[in-house]
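K.L.:
Once you've had a glance at the structure underneath, I'll fire off some questions.
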Amino acid sequence: MLQVAYIRENKDDVIKRLSIRNIDASQMIEDVITLDEDRRKLQTQLDNTLAESNALSKEIGNLFKTGRAEEANTLKAKTTQLKEDSKQLNESLNAKAAELDELLYKIPNVPHESVPFGTTESDNEEIHREGDVPKLHANALPHWELAKKYDIIDFELGNKITGAGFPVYKGKGARLQRALIAYFLDKNIEAGYTEYQLPHLVNEASGFGTGQLPDKEGQMYHIGADNLYLIPTAEVPGTNLFRGDLLSESELPISITGYTPCFRREAGSYGAHVRGLNRLHQFDKVEIIRVEHPENSYNAFEGMIDHVKGILEELKLPYRILKLCGGDVTFASALTYDFEVYSTAQERWLEISSVSNFETFQANRLKLRFKNSDGKTQLCHTLNGSSLALPRVLAGILENYQTEDGIQIPEVLIPYTGFDKI
RNA sequence: GGAGGAAUGGCAGAGUGGUCGAAUGCGGCAGUCUUGAAAACUGUUGAGGGUCACACCUCCGGGGGUUCGAAUCCCUCUUCCUCCGCCA
């Protein structure tokens, strides 16, 4: 959520930069400013009314104490009207504030100045490409065929016990999966991240904190009986760890990593290009999360990009990095780079990581602040990225490392798997 | 799941109807002393809104209520602790 004070002071700039997302926010911004003015006027009126009745109450107390009950009772009568006024003012104030909040929830983050204009993913800007696409043998298969051939992932079993999009990993498939998780976590720890094990269910307040609620409610699985949500990403519990905190400057930066399963409803997305591991309702992911000093957040962002690059290069997977255009950058993000691995057998790129700087957008909702060197409280910047999302990395490995007589295991993973071939 | 107790500032902990945004201790910050540091001493130290700055307003787990007035009384929710039951 953008800060009202920021909108007020940078009105034209906010409108201009939101236009990079291909939206005309001028009316919304005007409305925010008007609503905010109204809200402050009501607040002042309410404050004055309360001040008056506070003063009267104090006087009444004194009168009672000095035994002048009659005078006190006269004053009491005067408070009735004030009470009525403040009640009404309070109601209008709440209504106005709710209206303002509702509008603010609808305004996406202001993109970073480097974000290119664009309307769809075809306008994303490729900024880096690395690794050679292997030449596969004539009988090369897509990963869902390989999974069946080597009996390492069973999609039908998942259908039986849960439904589509809940694969069952078996034997070496399960071990490879576990190896990847351990390898990613170790790489992250080596880079200075602290490992966390996080809850897989979160409450409503957490959903609001990172921005999944109220807008994207339909993307999360909801447990009605307990009013909890299954996490769509470790970002939600991981970032909400710091909700409401007022940190000292010396506590920054905070860098954490965690492995969690992720649950996404992905309503309506069925078809050829979501086959196999390409899109699932449950998948595993290792996430990196940072809470940063605003002055350092873009350094941190670059560091996260280099870190993910390093992992992909060790795995020797061909990948590219896209800078997302205004139309594709997510609601809460100011700048997002996507990593994609080339799936040789499918002849297409698969997104395996998304690294974002949210600047103060999440921190404002989370009330995540720090005390700066001047002793002033200031919002932190939050960032996160996948390192990495498992299924598509697995798809990439299976497809790119396949040979006529089996699938090679990337060298760095062998110590984790305990075998070098499937 | 049943019975009881509790929730106060960064932490510990007092406060049971007005003078309480809140004693005291620890911690933090600044200063004195010191070559420097420690110790000691002195001062200072919650958050949000509002204002040019003051004033002023809100916040004692969340929400609601009683009262002229609530940290304090009532209702409700959440969380924690103790005991019992169940259990990986």
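If you're wondering about the labels, chains in the structure tokens are A, B, ... by order shown, residues count from 1 in each chain, ligands from 1 in order shown.
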Given only C-alpha atoms (C1' of nucleotides), how would the per-residue table for chain A near chain B read, listing every residue at most 9 Å away with its closest atom pair and distance in Å to one decimal, sorted by chain and number, as a tab-separated table?

P.N.:
residue	atom	partner	partner_atom	distance
A:Arg40	CA	B:G50	C1'	8.6
A:Gln43	CA	B:C57	C1'	8.4
A:Thr44	CA	B:G50	C1'	7.6
A:Leu46	CA	B:C57	C1'	8.0
A:Asp47	CA	B:C57	C1'	4.7
A:Asn48	CA	B:C56	C1'	7.3
A:Leu50	CA	B:C57	C1'	7.3
A:Ala51	CA	B:C56	C1'	6.8
A:Ser53	CA	B:C68	C1'	8.4
A:Asn54	CA	B:G69	C1'	7.8
A:Leu56	CA	B:C68	C1'	7.5
A:Ser57	CA	B:C68	C1'	5.3
A:Lys58	CA	B:G18	C1'	6.8
A:Ile60	CA	B:C68	C1'	6.6
A:Gly61	CA	B:G18	C1'	5.7
A:Asn62	CA	B:G18	C1'	8.1
A:Ala72	CA	B:C68	C1'	8.4
A:Asn73	CA	B:C68	C1'	8.3
A:Leu75	CA	B:C68	C1'	7.7
A:Lys76	CA	B:C68	C1'	4.9
A:Ala77	CA	B:C68	C1'	8.1
A:Lys78	CA	B:C68	C1'	8.7
A:Thr79	CA	B:C68	C1'	6.4
A:Thr80	CA	B:C68	C1'	8.4

K.L.:
Excluding stretch 301-318 of chain A and its own-chain neighbours fewer than 5 positions away, which residues fall within 6 Å of it when counting only C-alpha atoms (C1' of nucleotides)? Please give them as a ChimeraX atom specification.

P.N.:
/A:130-133,341-342,410

K.L.:
If you keep C-alpha atoms, can you produce a file of those selected residues as an mmCIF file, in the first residue's frame?

P.N.:
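That gives us out-v7.cif:
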data_model
loop_
_atom_site.group_PDB
_atom_site.id
_atom_site.type_symbol
_atom_site.label_atom_id
_atom_site.label_comp_id
_atom_site.auth_asym_id
_atom_site.auth_seq_id
_atom_site.Cartn_x
_atom_site.Cartn_y
_atom_site.Cartn_z
ATOM 1 C CA GLU A 130 23.688 -17.812 -19.977
ATOM 2 C CA GLY A 131 24.412 -21.457 -20.648
ATOM 3 C CA ASP A 132 24.281 -23.574 -23.767
ATOM 4 C CA VAL A 133 21.159 -25.361 -24.797
ATOM 5 C CA VAL A 341 15.197 -22.070 -17.507
ATOM 6 C CA TYR A 342 15.114 -23.412 -21.019
ATOM 7 C CA PRO A 410 24.098 -32.467 -12.142
#

K.L.:
Mind the document's chain letters and residue numbers, and return as a ChimeraX atom specification the residues of stretch 61-169 of chain A that DSSP labels helix (DSSP H, G or I).

P.N.:
/A:61-65,69-106,121-123,143-149,155-161

K.L.:
Could you check the closest approach to A:Asp85 for each of A:Tyr229, A:Ile107, A:Gln45, A:Gly118 and tell me which residue wins, using only C-alpha atoms?

P.N.:
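Of A:Tyr229, A:Ile107, A:Gln45, A:Gly118, the one nearest A:Asp85 is A:Gln45, counting only C-alpha atoms.
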
K.L.:
Set the distance at 10 Å and use only C-alpha atoms (C1' of nucleotides): which residues neighbour stretch 371-375 of chain A once local chain neighbours fewer than 4 positions away are removed? I'd like the list as a ChimeraX atom specification.

P.N.:
/A:246-250,293,379-380 /B:29

K.L.:
Any chance you can output those residues with all heavy atoms as a PDB file, in the first residue's frame?

P.N.:
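Contents of part.pdb, as written:
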ATOM      1  N   LEU A 246       9.462  -2.569  15.140  1.00  0.00           N
ATOM      2  CA  LEU A 246      10.217  -1.325  15.050  1.00  0.00           C
ATOM      3  C   LEU A 246      11.653  -1.704  15.369  1.00  0.00           C
ATOM      4  O   LEU A 246      12.009  -1.923  16.521  1.00  0.00           O
ATOM      5  CB  LEU A 246       9.671  -0.291  16.054  1.00  0.00           C
ATOM      6  CG  LEU A 246      10.393   1.045  16.154  1.00  0.00           C
ATOM      7  CD1 LEU A 246      10.551   1.706  14.797  1.00  0.00           C
ATOM      8  CD2 LEU A 246       9.651   1.978  17.083  1.00  0.00           C
ATOM      9  N   LEU A 247      12.462  -1.822  14.322  1.00  0.00           N
ATOM     10  CA  LEU A 247      13.818  -2.348  14.477  1.00  0.00           C
ATOM     11  C   LEU A 247      14.800  -1.212  14.719  1.00  0.00           C
ATOM     12  O   LEU A 247      14.521  -0.057  14.387  1.00  0.00           O
ATOM     13  CB  LEU A 247      14.219  -3.090  13.195  1.00  0.00           C
ATOM     14  CG  LEU A 247      13.284  -4.208  12.735  1.00  0.00           C
ATOM     15  CD1 LEU A 247      13.584  -4.604  11.291  1.00  0.00           C
ATOM     16  CD2 LEU A 247      13.407  -5.408  13.654  1.00  0.00           C
ATOM     17  N   SER A 248      15.941  -1.564  15.277  1.00  0.00           N
ATOM     18  CA  SER A 248      17.000  -0.568  15.332  1.00  0.00           C
ATOM     19  C   SER A 248      17.812  -0.729  14.048  1.00  0.00           C
ATOM     20  O   SER A 248      17.821  -1.794  13.435  1.00  0.00           O
ATOM     21  CB  SER A 248      17.869  -0.783  16.561  1.00  0.00           C
ATOM     22  OG  SER A 248      18.512  -2.027  16.474  1.00  0.00           O
ATOM     23  N   GLU A 249      18.461   0.338  13.661  1.00  0.00           N
ATOM     24  CA  GLU A 249      19.193   0.326  12.392  1.00  0.00           C
ATOM     25  C   GLU A 249      20.206  -0.816  12.352  1.00  0.00           C
ATOM     26  O   GLU A 249      20.447  -1.407  11.306  1.00  0.00           O
ATOM     27  CB  GLU A 249      19.892   1.677  12.196  1.00  0.00           C
ATOM     28  CG  GLU A 249      20.219   1.969  10.756  1.00  0.00           C
ATOM     29  CD  GLU A 249      20.615   3.431  10.533  1.00  0.00           C
ATOM     30  OE1 GLU A 249      20.883   4.137  11.532  1.00  0.00           O
ATOM     31  OE2 GLU A 249      20.653   3.844   9.369  1.00  0.00           O
ATOM     32  N   SER A 250      20.771  -1.127  13.507  1.00  0.00           N
ATOM     33  CA  SER A 250      21.815  -2.156  13.550  1.00  0.00           C
ATOM     34  C   SER A 250      21.272  -3.557  13.293  1.00  0.00           C
ATOM     35  O   SER A 250      22.024  -4.477  13.014  1.00  0.00           O
ATOM     36  CB  SER A 250      22.522  -2.115  14.904  1.00  0.00           C
ATOM     37  OG  SER A 250      21.601  -2.401  15.932  1.00  0.00           O
ATOM     38  N   HIS A 293      17.496  -1.642   4.786  1.00  0.00           N
ATOM     39  CA  HIS A 293      17.524  -0.186   4.853  1.00  0.00           C
ATOM     40  C   HIS A 293      17.214   0.333   3.443  1.00  0.00           C
ATOM     41  O   HIS A 293      17.755  -0.187   2.476  1.00  0.00           O
ATOM     42  CB  HIS A 293      18.919   0.259   5.292  1.00  0.00           C
ATOM     43  CG  HIS A 293      18.986   1.709   5.678  1.00  0.00           C
ATOM     44  ND1 HIS A 293      18.840   2.721   4.752  1.00  0.00           N
ATOM     45  CD2 HIS A 293      19.166   2.297   6.881  1.00  0.00           C
ATOM     46  CE1 HIS A 293      18.943   3.884   5.386  1.00  0.00           C
ATOM     47  NE2 HIS A 293      19.132   3.654   6.672  1.00  0.00           N
ATOM     48  N   LEU A 379       9.992   3.539   7.294  1.00  0.00           N
ATOM     49  CA  LEU A 379       9.611   2.210   6.819  1.00  0.00           C
ATOM     50  C   LEU A 379      10.815   1.490   6.218  1.00  0.00           C
ATOM     51  O   LEU A 379      11.651   2.112   5.558  1.00  0.00           O
ATOM     52  CB  LEU A 379       8.515   2.325   5.756  1.00  0.00           C
ATOM     53  CG  LEU A 379       7.128   2.789   6.241  1.00  0.00           C
ATOM     54  CD1 LEU A 379       6.216   3.046   5.045  1.00  0.00           C
ATOM     55  CD2 LEU A 379       6.497   1.771   7.172  1.00  0.00           C
ATOM     56  N   CYS A 380      10.889   0.196   6.458  1.00  0.00           N
ATOM     57  CA  CYS A 380      11.933  -0.632   5.844  1.00  0.00           C
ATOM     58  C   CYS A 380      11.548  -0.943   4.398  1.00  0.00           C
ATOM     59  O   CYS A 380      10.415  -0.729   3.983  1.00  0.00           O
ATOM     60  CB  CYS A 380      12.063  -1.959   6.585  1.00  0.00           C
ATOM     61  SG  CYS A 380      12.477  -1.822   8.313  1.00  0.00           S
TER      62      CYS A 380
ATOM     63  P     C B  29      23.859   2.845  23.258  1.00  0.00           P
ATOM     64  OP1   C B  29      24.607   2.571  22.015  1.00  0.00           O
ATOM     65  OP2   C B  29      24.480   2.602  24.584  1.00  0.00           O
ATOM     66  O5'   C B  29      23.357   4.369  23.223  1.00  0.00           O
ATOM     67  C5'   C B  29      22.753   4.902  22.050  1.00  0.00           C
ATOM     68  C4'   C B  29      22.202   6.281  22.336  1.00  0.00           C
ATOM     69  O4'   C B  29      21.196   6.193  23.378  1.00  0.00           O
ATOM     70  C3'   C B  29      23.203   7.278  22.910  1.00  0.00           C
ATOM     71  O3'   C B  29      24.033   7.844  21.915  1.00  0.00           O
ATOM     72  C2'   C B  29      22.266   8.295  23.554  1.00  0.00           C
ATOM     73  O2'   C B  29      21.657   9.130  22.601  1.00  0.00           O
ATOM     74  C1'   C B  29      21.211   7.370  24.163  1.00  0.00           C
ATOM     75  N1    C B  29      21.513   7.017  25.573  1.00  0.00           N
ATOM     76  C2    C B  29      21.221   7.959  26.580  1.00  0.00           C
ATOM     77  O2    C B  29      20.734   9.053  26.245  1.00  0.00           O
ATOM     78  N3    C B  29      21.481   7.654  27.872  1.00  0.00           N
ATOM     79  C4    C B  29      22.015   6.471  28.180  1.00  0.00           C
ATOM     80  N4    C B  29      22.244   6.225  29.475  1.00  0.00           N
ATOM     81  C5    C B  29      22.329   5.498  27.192  1.00  0.00           C
ATOM     82  C6    C B  29      22.064   5.811  25.900  1.00  0.00           C
TER      83        C B  29
END

K.L.:
Would you mind reading off the distance between atom C1' of B:G48 and atom CA of A:Thr377, one decimal, in Å?

P.N.:
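Separation of atom C1' of B:G48 and atom CA of A:Thr377: 11.0 Å.
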
K.L.:
Fewer than 2 positions away in the same chain doesn't count, so skip those; otherwise give me all residues within 10 Å of A:Phe166, counting only C-alpha atoms (C1' of nucleotides), as a ChimeraX atom specification.

P.N.:
/A:154-164,168-169,263,277,279-283

K.L.:
Tell me, which residues of stretch 109-171 of chain A carry DSSP strand (DSSP E or B), written as a count of residues only?

P.N.:
10

K.L.:
Need the shell around B:G31: protein/DNA/RNA residues with any atom at most 12 Å away, counting only C-alpha atoms (C1' of nucleotides). Skip same-chain ones fewer than 4 positions apart. Format as a PyMOL selection string?

P.N.:
chain B and resi 41-44

K.L.:
What is the atom CA of A:Ser19 to atom CA of A:Thr360 distance in Å?

P.N.:
19.4 Å

K.L.:
Please provide as a PyMOL selection string all residues within 8 Å of stretch 8-18 of chain A, with the sequence filter that same-chain residues fewer than 2 positions apart are discarded (counting only C-alpha atoms (C1' of nucleotides)).

P.N.:
chain A and resi 4-6+20-26+29+33+108-111+113

K.L.:
Give me a file of those residues, with all heavy atoms, as a tab-separated table (two decimals), in the first residue's frame.

P.N.:
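Result saved to result.tsv:
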chain	number	residue	atom	x	y	z
A	4	VAL	N	-0.05	7.61	2.03
A	4	VAL	CA	-0.86	8.76	1.64
A	4	VAL	C	0.00	10.03	1.55
A	4	VAL	O	-0.10	10.80	0.61
A	4	VAL	CB	-2.02	9.00	2.62
A	4	VAL	CG1	-2.82	10.22	2.22
A	4	VAL	CG2	-2.92	7.78	2.65
A	5	ALA	N	0.87	10.20	2.53
A	5	ALA	CA	1.71	11.39	2.56
A	5	ALA	C	2.59	11.46	1.30
A	5	ALA	O	2.79	12.53	0.73
A	5	ALA	CB	2.58	11.40	3.81
A	6	TYR	N	3.06	10.29	0.88
A	6	TYR	CA	3.90	10.23	-0.33
A	6	TYR	C	3.08	10.63	-1.56
A	6	TYR	O	3.53	11.39	-2.41
A	6	TYR	CB	4.48	8.82	-0.50
A	6	TYR	CG	5.38	8.69	-1.70
A	6	TYR	CD1	6.71	9.09	-1.63
A	6	TYR	CD2	4.90	8.21	-2.91
A	6	TYR	CE1	7.53	9.00	-2.72
A	6	TYR	CE2	5.71	8.10	-4.02
A	6	TYR	CZ	7.03	8.51	-3.92
A	6	TYR	OH	7.85	8.42	-5.03
A	20	ILE	N	3.33	3.66	-16.42
A	20	ILE	CA	4.21	2.61	-16.95
A	20	ILE	C	3.53	1.25	-16.86
A	20	ILE	O	3.78	0.34	-17.64
A	20	ILE	CB	5.55	2.60	-16.18
A	20	ILE	CG1	6.31	3.89	-16.45
A	20	ILE	CG2	6.41	1.40	-16.59
A	20	ILE	CD1	7.54	4.08	-15.59
A	21	ARG	N	2.63	1.12	-15.89
A	21	ARG	CA	1.86	-0.12	-15.78
A	21	ARG	C	0.67	-0.12	-16.74
A	21	ARG	O	-0.19	-1.00	-16.65
A	21	ARG	CB	1.32	-0.26	-14.35
A	21	ARG	CG	2.35	-0.60	-13.30
A	21	ARG	CD	1.64	-0.73	-11.96
A	21	ARG	NE	2.54	-1.07	-10.88
A	21	ARG	CZ	2.82	-2.32	-10.50
A	21	ARG	NH1	2.28	-3.33	-11.14
A	21	ARG	NH2	3.64	-2.55	-9.50
A	22	ASN	N	0.63	0.90	-17.55
A	22	ASN	CA	-0.46	1.02	-18.51
A	22	ASN	C	-1.80	1.28	-17.81
A	22	ASN	O	-2.84	0.81	-18.27
A	22	ASN	CB	-0.54	-0.23	-19.39
A	22	ASN	CG	-1.32	0.04	-20.66
A	22	ASN	OD1	-1.28	1.16	-21.19
A	22	ASN	ND2	-2.07	-0.95	-21.13
A	23	ILE	N	-1.75	1.99	-16.67
A	23	ILE	CA	-3.01	2.37	-16.05
A	23	ILE	C	-3.03	3.88	-15.85
A	23	ILE	O	-2.00	4.49	-15.56
A	23	ILE	CB	-3.25	1.67	-14.69
A	23	ILE	CG1	-2.10	1.92	-13.73
A	23	ILE	CG2	-3.50	0.19	-14.88
A	23	ILE	CD1	-2.39	1.42	-12.34
A	24	ASP	N	-4.21	4.45	-16.03
A	24	ASP	CA	-4.38	5.87	-15.78
A	24	ASP	C	-4.92	6.04	-14.36
A	24	ASP	O	-6.09	5.78	-14.10
A	24	ASP	CB	-5.35	6.47	-16.81
A	24	ASP	CG	-5.58	7.96	-16.52
A	24	ASP	OD1	-4.87	8.52	-15.66
A	24	ASP	OD2	-6.48	8.54	-17.14
A	25	ALA	N	-4.05	6.44	-13.45
A	25	ALA	CA	-4.42	6.49	-12.04
A	25	ALA	C	-4.85	7.88	-11.61
A	25	ALA	O	-5.11	8.11	-10.43
A	25	ALA	CB	-3.25	6.02	-11.19
A	26	SER	N	-4.94	8.83	-12.55
A	26	SER	CA	-5.13	10.22	-12.13
A	26	SER	C	-6.40	10.41	-11.30
A	26	SER	O	-6.37	11.12	-10.30
A	26	SER	CB	-5.13	11.15	-13.35
A	26	SER	OG	-5.95	10.62	-14.36
A	29	ILE	N	-5.90	8.90	-7.80
A	29	ILE	CA	-5.00	9.72	-6.99
A	29	ILE	C	-5.71	10.97	-6.48
A	29	ILE	O	-5.58	11.34	-5.31
A	29	ILE	CB	-3.73	10.07	-7.80
A	29	ILE	CG1	-2.95	8.79	-8.16
A	29	ILE	CG2	-2.84	11.03	-7.03
A	29	ILE	CD1	-2.50	7.94	-7.00
A	33	ILE	N	-6.48	11.98	-2.50
A	33	ILE	CA	-6.15	13.26	-1.88
A	33	ILE	C	-7.39	13.91	-1.26
A	33	ILE	O	-7.34	14.41	-0.14
A	33	ILE	CB	-5.46	14.18	-2.92
A	33	ILE	CG1	-4.06	13.60	-3.21
A	33	ILE	CG2	-5.37	15.61	-2.42
A	33	ILE	CD1	-3.33	14.23	-4.36
A	108	PRO	N	-1.68	-0.09	-7.24
A	108	PRO	CA	-0.46	-0.90	-7.19
A	108	PRO	C	0.76	-0.06	-6.85
A	108	PRO	O	0.70	1.18	-6.83
A	108	PRO	CB	-0.36	-1.47	-8.61
A	108	PRO	CG	-1.10	-0.51	-9.46
A	108	PRO	CD	-2.16	0.11	-8.61
A	109	ASN	N	1.85	-0.75	-6.61
A	109	ASN	CA	3.09	-0.04	-6.28
A	109	ASN	C	3.59	0.77	-7.48
A	109	ASN	O	3.34	0.42	-8.64
A	109	ASN	CB	4.16	-1.05	-5.85
A	109	ASN	CG	5.26	-0.39	-5.04
A	109	ASN	OD1	5.24	0.82	-4.81
A	109	ASN	ND2	6.22	-1.19	-4.61
A	110	VAL	N	4.29	1.83	-7.18
A	110	VAL	CA	4.89	2.67	-8.21
A	110	VAL	C	6.14	1.95	-8.73
A	110	VAL	O	7.01	1.61	-7.95
A	110	VAL	CB	5.26	4.03	-7.58
A	110	VAL	CG1	6.09	4.85	-8.54
A	110	VAL	CG2	4.02	4.78	-7.15
A	111	PRO	N	6.21	1.70	-10.03
A	111	PRO	CA	7.36	0.96	-10.55
A	111	PRO	C	8.67	1.74	-10.41
A	111	PRO	O	8.67	2.98	-10.43
A	111	PRO	CB	7.04	0.77	-12.04
A	111	PRO	CG	5.61	1.13	-12.20
A	111	PRO	CD	5.26	2.05	-11.08
A	113	GLU	N	12.16	3.34	-11.58
A	113	GLU	CA	12.35	4.15	-12.79
A	113	GLU	C	12.90	3.36	-13.97
A	113	GLU	O	12.73	3.75	-15.12
A	113	GLU	CB	13.28	5.33	-12.47
A	113	GLU	CG	14.61	4.89	-11.91
A	113	GLU	CD	15.47	6.05	-11.42
A	113	GLU	OE1	14.97	7.19	-11.45
A	113	GLU	OE2	16.61	5.80	-11.05

K.L.:
Expressed in Å to a single decimal, how great is the separation between atom CA of A:Pro134 and atom CA of A:Val393?

P.N.:
15.5 Å

K.L.:
Find the residues near B:G13: any atom within 12 Å, counting only C-alpha atoms (C1' of nucleotides), skip ones fewer than 6 places away on the same chain, and give them as a ChimeraX atom specification.

P.N.:
/B:23-26

K.L.:
Find, counting only C-alpha atoms, the residue in A:Leu146, A:Ala225, A:Ile321, A:Val236 that gets nearest to A:Gly173.

P.N.:
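Distance minimum relative to A:Gly173 lands on A:Leu146.
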